[in-house]
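Quick look at data_36.cif (mmCIF, C-alpha atoms):
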data_model
loop_
_atom_site.group_PDB
_atom_site.id
_atom_site.type_symbol
_atom_site.label_atom_id
_atom_site.label_comp_id
_atom_site.auth_asym_id
_atom_site.auth_seq_id
_atom_site.Cartn_x
_atom_site.Cartn_y
_atom_site.Cartn_z
ATOM 1 C CA LEU A 1 13.994 -42.503 -56.855
ATOM 2 C CA ALA A 2 16.439 -40.273 -55.091
ATOM 3 C CA PRO A 3 17.168 -40.965 -51.447
ATOM 4 C CA THR A 4 14.745 -39.272 -49.054
ATOM 5 C CA ALA A 5 17.425 -36.922 -47.701
ATOM 6 C CA ALA A 6 18.167 -35.585 -51.206
ATOM 7 C CA ARG A 7 14.547 -34.647 -51.975
ATOM 8 C CA LYS A 8 13.440 -31.082 -51.390
ATOM 9 C CA PRO A 9 10.108 -30.680 -49.618
ATOM 10 C CA ARG A 10 7.320 -29.211 -51.720
ATOM 11 C CA ARG A 11 6.164 -25.825 -50.520
ATOM 12 C CA THR A 12 2.736 -24.386 -51.141
ATOM 13 C CA PRO A 13 1.700 -20.808 -50.470
ATOM 14 C CA PRO A 14 0.018 -20.036 -47.129
ATOM 15 C CA LEU A 15 -3.744 -20.300 -46.976
ATOM 16 C CA CYS A 16 -4.485 -16.953 -45.364
ATOM 17 C CA GLN A 17 -3.905 -13.878 -47.501
ATOM 18 C CA ASP A 18 -2.900 -11.744 -44.544
ATOM 19 C CA PRO A 19 0.840 -11.424 -43.901
ATOM 20 C CA PRO A 20 2.016 -13.649 -41.014
ATOM 21 C CA SER A 21 2.261 -10.682 -38.658
ATOM 22 C CA ALA A 22 -1.344 -9.607 -39.343
ATOM 23 C CA HIS A 23 -3.034 -12.123 -37.063
ATOM 24 C CA SER A 24 -2.265 -14.455 -34.204
ATOM 25 C CA CYS A 25 -3.297 -17.644 -36.023
ATOM 26 C CA ALA A 26 -0.527 -17.139 -38.613
ATOM 27 C CA PRO A 27 1.721 -19.885 -37.232
ATOM 28 C CA GLU A 28 -1.331 -22.153 -37.106
ATOM 29 C CA CYS A 29 -2.479 -21.671 -40.722
ATOM 30 C CA SER A 30 -2.035 -24.729 -42.907
ATOM 31 C CA ALA A 31 -0.179 -24.798 -46.167
ATOM 32 C CA MET A 32 -3.142 -25.180 -48.524
ATOM 33 C CA PRO A 33 -2.893 -23.145 -51.731
ATOM 34 C CA LYS A 34 -4.174 -19.602 -51.332
ATOM 35 C CA ALA A 35 -6.391 -20.041 -54.393
ATOM 36 C CA ALA A 36 -8.374 -22.758 -52.616
ATOM 37 C CA TYR A 37 -10.399 -20.017 -50.975
ATOM 38 C CA GLU A 38 -10.027 -16.443 -49.835
ATOM 39 C CA ASP A 39 -9.712 -15.513 -46.181
ATOM 40 C CA TRP A 40 -11.785 -12.728 -44.631
ATOM 41 C CA GLY A 41 -10.998 -10.708 -41.570
ATOM 42 C CA PRO A 42 -8.455 -11.322 -38.865
ATOM 43 C CA GLY A 43 -7.691 -14.883 -37.914
ATOM 44 C CA CYS A 44 -8.655 -17.717 -40.212
ATOM 45 C CA SER A 45 -12.230 -17.656 -41.481
ATOM 46 C CA GLU A 46 -11.974 -21.373 -42.337
ATOM 47 C CA LEU A 47 -11.195 -23.413 -39.214
ATOM 48 C CA SER A 48 -10.005 -26.400 -41.213
ATOM 49 C CA SER A 49 -7.073 -24.227 -42.335
ATOM 50 C CA LEU A 50 -5.620 -24.194 -38.827
ATOM 51 C CA LYS A 51 -2.704 -26.585 -38.394
ATOM 52 C CA SER A 52 -3.738 -27.255 -34.824
ATOM 53 C CA ALA A 53 -7.256 -28.315 -33.886
ATOM 54 C CA THR A 54 -6.720 -27.877 -30.176
ATOM 55 C CA ASP A 55 -9.405 -26.185 -28.113
ATOM 56 C CA LYS A 56 -7.046 -23.264 -27.493
ATOM 57 C CA ALA A 57 -6.270 -22.707 -31.200
ATOM 58 C CA LEU A 58 -9.970 -22.824 -32.129
ATOM 59 C CA LEU A 59 -11.063 -20.566 -29.275
ATOM 60 C CA ASP A 60 -8.245 -18.052 -29.817
ATOM 61 C CA ASN A 61 -9.073 -17.801 -33.517
ATOM 62 C CA THR A 62 -12.812 -17.443 -32.844
ATOM 63 C CA GLU A 63 -12.181 -14.811 -30.158
ATOM 64 C CA GLU A 64 -9.890 -12.809 -32.461
ATOM 65 C CA ARG A 65 -12.512 -12.810 -35.198
ATOM 66 C CA TYR A 66 -15.335 -11.964 -32.762
ATOM 67 C CA LYS A 67 -13.449 -8.985 -31.316
ATOM 68 C CA ALA A 68 -13.066 -7.622 -34.851
ATOM 69 C CA GLY A 69 -16.819 -7.954 -35.495
ATOM 70 C CA ASN A 70 -16.599 -11.183 -37.505
ATOM 71 C CA ILE A 71 -19.180 -13.322 -35.729
ATOM 72 C CA TYR A 72 -19.149 -16.045 -38.402
ATOM 73 C CA THR A 73 -16.402 -18.605 -38.980
ATOM 74 C CA ARG A 74 -16.761 -21.706 -41.128
ATOM 75 C CA SER A 75 -15.407 -25.199 -40.924
ATOM 76 C CA GLY A 76 -16.129 -26.838 -44.236
ATOM 77 C CA ARG A 77 -19.908 -26.797 -44.645
ATOM 78 C CA LEU A 78 -20.487 -25.949 -40.985
ATOM 79 C CA LEU A 79 -20.947 -22.378 -39.789
ATOM 80 C CA LEU A 80 -19.905 -21.279 -36.316
ATOM 81 C CA ALA A 81 -21.778 -18.185 -35.149
ATOM 82 C CA VAL A 82 -21.073 -16.275 -31.950
ATOM 83 C CA ASN A 83 -23.983 -14.194 -30.647
ATOM 84 C CA PRO A 84 -22.848 -10.538 -30.557
ATOM 85 C CA TYR A 85 -25.789 -9.524 -28.302
ATOM 86 C CA LYS A 86 -26.174 -6.398 -30.429
ATOM 87 C CA LYS A 87 -27.356 -5.441 -33.903
ATOM 88 C CA LEU A 88 -24.685 -5.639 -36.589
ATOM 89 C CA PRO A 89 -24.901 -4.361 -40.180
ATOM 90 C CA LEU A 90 -24.507 -7.875 -41.609
ATOM 91 C CA TYR A 91 -28.001 -8.369 -42.993
ATOM 92 C CA THR A 92 -28.487 -5.545 -45.489
ATOM 93 C CA ASP A 93 -30.248 -5.924 -48.826
ATOM 94 C CA GLU A 94 -26.880 -5.483 -50.561
ATOM 95 C CA THR A 95 -25.386 -8.356 -48.564
ATOM 96 C CA LEU A 96 -28.374 -10.580 -49.306
ATOM 97 C CA GLN A 97 -28.126 -9.776 -53.024
ATOM 98 C CA ALA A 98 -24.389 -10.594 -53.036
ATOM 99 C CA TYR A 99 -25.051 -14.075 -51.646
ATOM 100 C CA LYS A 100 -28.093 -14.506 -53.896
ATOM 101 C CA SER A 101 -26.084 -13.724 -57.043
ATOM 102 C CA SER A 102 -23.011 -15.797 -56.132
ATOM 103 C CA LEU A 103 -22.596 -19.195 -57.770
ATOM 104 C CA ALA A 104 -20.468 -20.487 -54.882
ATOM 105 C CA PRO A 105 -21.148 -18.350 -51.788
ATOM 106 C CA GLN A 106 -19.410 -20.805 -49.439
ATOM 107 C CA VAL A 107 -16.166 -20.174 -51.358
ATOM 108 C CA GLU A 108 -16.487 -16.728 -52.946
ATOM 109 C CA LEU A 109 -17.885 -14.796 -49.980
ATOM 110 C CA PRO A 110 -17.174 -14.479 -46.249
ATOM 111 C CA PRO A 111 -18.757 -16.948 -43.817
ATOM 112 C CA HIS A 112 -22.396 -15.962 -43.249
ATOM 113 C CA VAL A 113 -25.752 -17.561 -42.527
ATOM 114 C CA TYR A 114 -26.786 -16.402 -46.023
ATOM 115 C CA ALA A 115 -24.076 -18.683 -47.475
ATOM 116 C CA VAL A 116 -25.561 -21.673 -45.636
ATOM 117 C CA ALA A 117 -29.055 -20.762 -46.822
ATOM 118 C CA ALA A 118 -27.805 -20.267 -50.393
ATOM 119 C CA SER A 119 -26.085 -23.642 -50.339
ATOM 120 C CA ALA A 120 -29.245 -25.385 -49.093
ATOM 121 C CA HIS A 121 -31.400 -23.572 -51.642
ATOM 122 C CA SER A 122 -29.124 -24.368 -54.593
ATOM 123 C CA GLY A 123 -28.805 -27.982 -53.419
ATOM 124 C CA MET A 124 -32.580 -28.262 -53.411
ATOM 125 C CA LEU A 125 -32.861 -26.812 -56.915
ATOM 126 C CA GLN A 126 -29.925 -28.684 -58.469
ATOM 127 C CA ASN A 127 -30.579 -32.087 -56.917
ATOM 128 C CA SER A 128 -34.370 -31.927 -56.499
ATOM 129 C CA MET A 129 -33.870 -33.147 -52.949
ATOM 130 C CA SER A 130 -35.041 -31.821 -49.611
ATOM 131 C CA GLN A 131 -32.383 -29.984 -47.621
ATOM 132 C CA SER A 132 -31.919 -29.638 -43.864
ATOM 133 C CA VAL A 133 -30.228 -26.919 -41.874
ATOM 134 C CA ILE A 134 -29.559 -27.703 -38.231
ATOM 135 C CA ILE A 135 -29.291 -24.707 -35.921
ATOM 136 C CA SER A 136 -27.962 -25.719 -32.549
ATOM 137 C CA GLY A 137 -26.676 -23.946 -29.471
ATOM 138 C CA GLU A 138 -27.144 -23.140 -25.840
ATOM 139 C CA SER A 139 -29.842 -20.903 -24.416
ATOM 140 C CA GLY A 140 -29.352 -17.369 -25.684
ATOM 141 C CA ALA A 141 -26.983 -18.453 -28.450
ATOM 142 C CA GLY A 142 -29.181 -16.861 -31.119
ATOM 143 C CA LYS A 143 -30.907 -19.897 -32.633
ATOM 144 C CA THR A 144 -34.243 -18.134 -33.117
ATOM 145 C CA GLU A 145 -32.638 -15.050 -34.672
ATOM 146 C CA THR A 146 -30.495 -17.211 -36.951
ATOM 147 C CA ALA A 147 -33.584 -19.139 -38.076
ATOM 148 C CA LYS A 148 -35.327 -15.841 -38.854
ATOM 149 C CA ILE A 149 -32.347 -14.610 -40.905
ATOM 150 C CA LEU A 150 -32.187 -17.915 -42.779
ATOM 151 C CA LEU A 151 -35.929 -17.801 -43.529
ATOM 152 C CA GLU A 152 -35.619 -14.193 -44.699
ATOM 153 C CA TYR A 153 -32.986 -15.263 -47.240
ATOM 154 C CA LEU A 154 -34.973 -18.289 -48.421
ATOM 155 C CA ALA A 155 -38.151 -16.227 -48.792
ATOM 156 C CA GLU A 156 -36.263 -13.597 -50.805
ATOM 157 C CA VAL A 157 -34.742 -16.079 -53.250
ATOM 158 C CA SER A 158 -37.892 -18.219 -53.481
ATOM 159 C CA CYS A 159 -40.597 -15.636 -53.858
ATOM 160 C CA SER A 160 -39.196 -12.139 -53.847
ATOM 161 C CA GLY A 161 -41.758 -9.499 -53.047
ATOM 162 C CA SER A 162 -44.046 -11.761 -51.034
ATOM 163 C CA ASP A 163 -44.598 -11.828 -47.301
ATOM 164 C CA LEU A 164 -43.919 -15.583 -47.046
ATOM 165 C CA HIS A 165 -41.145 -15.264 -44.460
ATOM 166 C CA LYS A 166 -43.362 -13.046 -42.283
ATOM 167 C CA ARG A 167 -46.152 -15.615 -42.406
ATOM 168 C CA VAL A 168 -43.751 -18.441 -41.546
ATOM 169 C CA LEU A 169 -42.258 -16.455 -38.664
ATOM 170 C CA LYS A 170 -45.753 -15.844 -37.275
ATOM 171 C CA THR A 171 -45.978 -19.600 -36.639
ATOM 172 C CA ASN A 172 -42.976 -19.383 -34.280
ATOM 173 C CA PRO A 173 -45.041 -18.620 -31.123
ATOM 174 C CA ILE A 174 -47.020 -21.811 -31.711
ATOM 175 C CA MET A 175 -43.810 -23.839 -31.975
ATOM 176 C CA GLU A 176 -42.284 -22.066 -28.972
ATOM 177 C CA SER A 177 -45.284 -22.960 -26.806
ATOM 178 C CA PHE A 178 -44.345 -26.640 -27.017
ATOM 179 C CA GLY A 179 -41.238 -26.282 -24.897
ATOM 180 C CA CYS A 180 -40.232 -22.989 -23.356
ATOM 181 C CA ALA A 181 -38.573 -22.022 -20.131
ATOM 182 C CA LYS A 182 -37.296 -18.855 -18.575
ATOM 183 C CA THR A 183 -33.506 -18.741 -18.241
ATOM 184 C CA VAL A 184 -30.987 -16.183 -17.058
ATOM 185 C CA TRP A 185 -30.308 -15.197 -20.689
ATOM 186 C CA ASN A 186 -33.731 -15.498 -22.231
ATOM 187 C CA ASN A 187 -37.339 -15.109 -21.015
ATOM 188 C CA ASN A 188 -38.612 -17.455 -23.731
ATOM 189 C CA SER A 189 -35.915 -20.077 -24.219
ATOM 190 C CA SER A 190 -36.922 -22.675 -26.788
ATOM 191 C CA ARG A 191 -36.489 -26.341 -26.019
ATOM 192 C CA PHE A 192 -36.955 -27.715 -29.510
ATOM 193 C CA GLY A 193 -34.684 -27.979 -32.526
ATOM 194 C CA LYS A 194 -34.853 -25.228 -35.110
#
Output the structure of this file as C-alpha cells.
Amino acid sequence: LAPTAARKPRRTPPLCQDPPSAHSCAPECSAMPKAAYEDWGPGCSELSSLKSATDKALLDNTEERYKAGNIYTRSGRLLLAVNPYKKLPLYTDETLQAYKSSLAPQVELPPHVYAVAASAHSGMLQNSMSQSVIISGESGAGKTETAKILLEYLAEVSCSGSDLHKRVLKTNPIMESFGCAKTVWNNNSSRFGK
C-alpha cells in the first residue's frame, strides 16, 4: 500500500441535483452518489443527506422547504410533515395515481404521505404481514388530516371505486370521543394515537 499522504481521496458526486448556489443546505449536503435518489425542491428532501444533524441544520432545511411549499421531507423511511394550515394541491387524483403506479415511491417520487402509504401497502402484499403507520405530533399538527389522506390512498389502491375510506372515516368521531380536549389550536384535539 502507498503511504497515506500519497493516496488521493475518492470523490463522489453531490447528493442534491441543485447547483450549490441554489439552496442554503448546499454546504451541508453529503457526498452520496446522485443516483442514490433524486432531490426535490429547495433544500434537501432527504434529511439523512445533510452532513450536519444539528438542530439548526435540520430546522433551516425544513423551513426552506416549507417556505417553498414543500411540506414533506423524508429521513429514510420516516416522513416529516409540517402543517401548512391551508389547502395545498398535493392530493390530486394524478398525484395519487403517480404514487400508485410507482414501484419504489420512496425513491422515485418526492416525499409525500402517499409514498408512506404505498410502502406500507406493498409491504403488506409482498410479505403477507401486517403493517403499521405511526402518525405523531403536537395538537394541531395535522394528525387527523394525515390519517384521512393515508386512508384515502389505501382505499383507492385496495378497492378502487368503493366508499370504504368514507365508511372508515365515519368511525373517527367514535374514536375521538375517547379522549378529546379543546386547545388553542383545535376545538377537538385528539388524545389517542392515530
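For the atom pair formed by CA of Cys159 in chain A and CA of Thr144 in chain A, the distance is 21.8 Å, given to one decimal.
We find CA of Leu90 in chain A and CA of Ser162 in chain A to be spaced 22.0 Å apart.
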Closest of A:Ser130, A:Asn70, A:Thr146, A:Ser136 to Gly41 in chain A - atom-to-atom distances counting only C-alpha atoms: A:Asn70
Residue members of the PyMOL selection byres ((chain A and resi 64) around 10) in the file shown, as a ChimeraX atom specification: /A:23-25,41-44,59-63,65-71
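The smallest atom-to-atom distance between Ser158 in chain A and any of A:Lys100, A:Gly140, A:Glu108, A:Asp55, using all atoms listed in the file, is found for A:Lys100.
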Explicit residue set for the PyMOL selection byres ((chain A and resi 101) around 12), as a PyMOL selection string: chain A and resi 94-100+102-105+108-109+114-115+118-119+122+156-157
One-decimal distance in Å that lies between CA of Gly142 in chain A and CA of Asp163 in chain A: 22.9 Å
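For the residues A:Leu58, A:Ala81, A:Ala117, A:Val107, ranking by smallest atom-to-atom distance to Trp40 in chain A using all atoms listed in the file places A:Val107 first.
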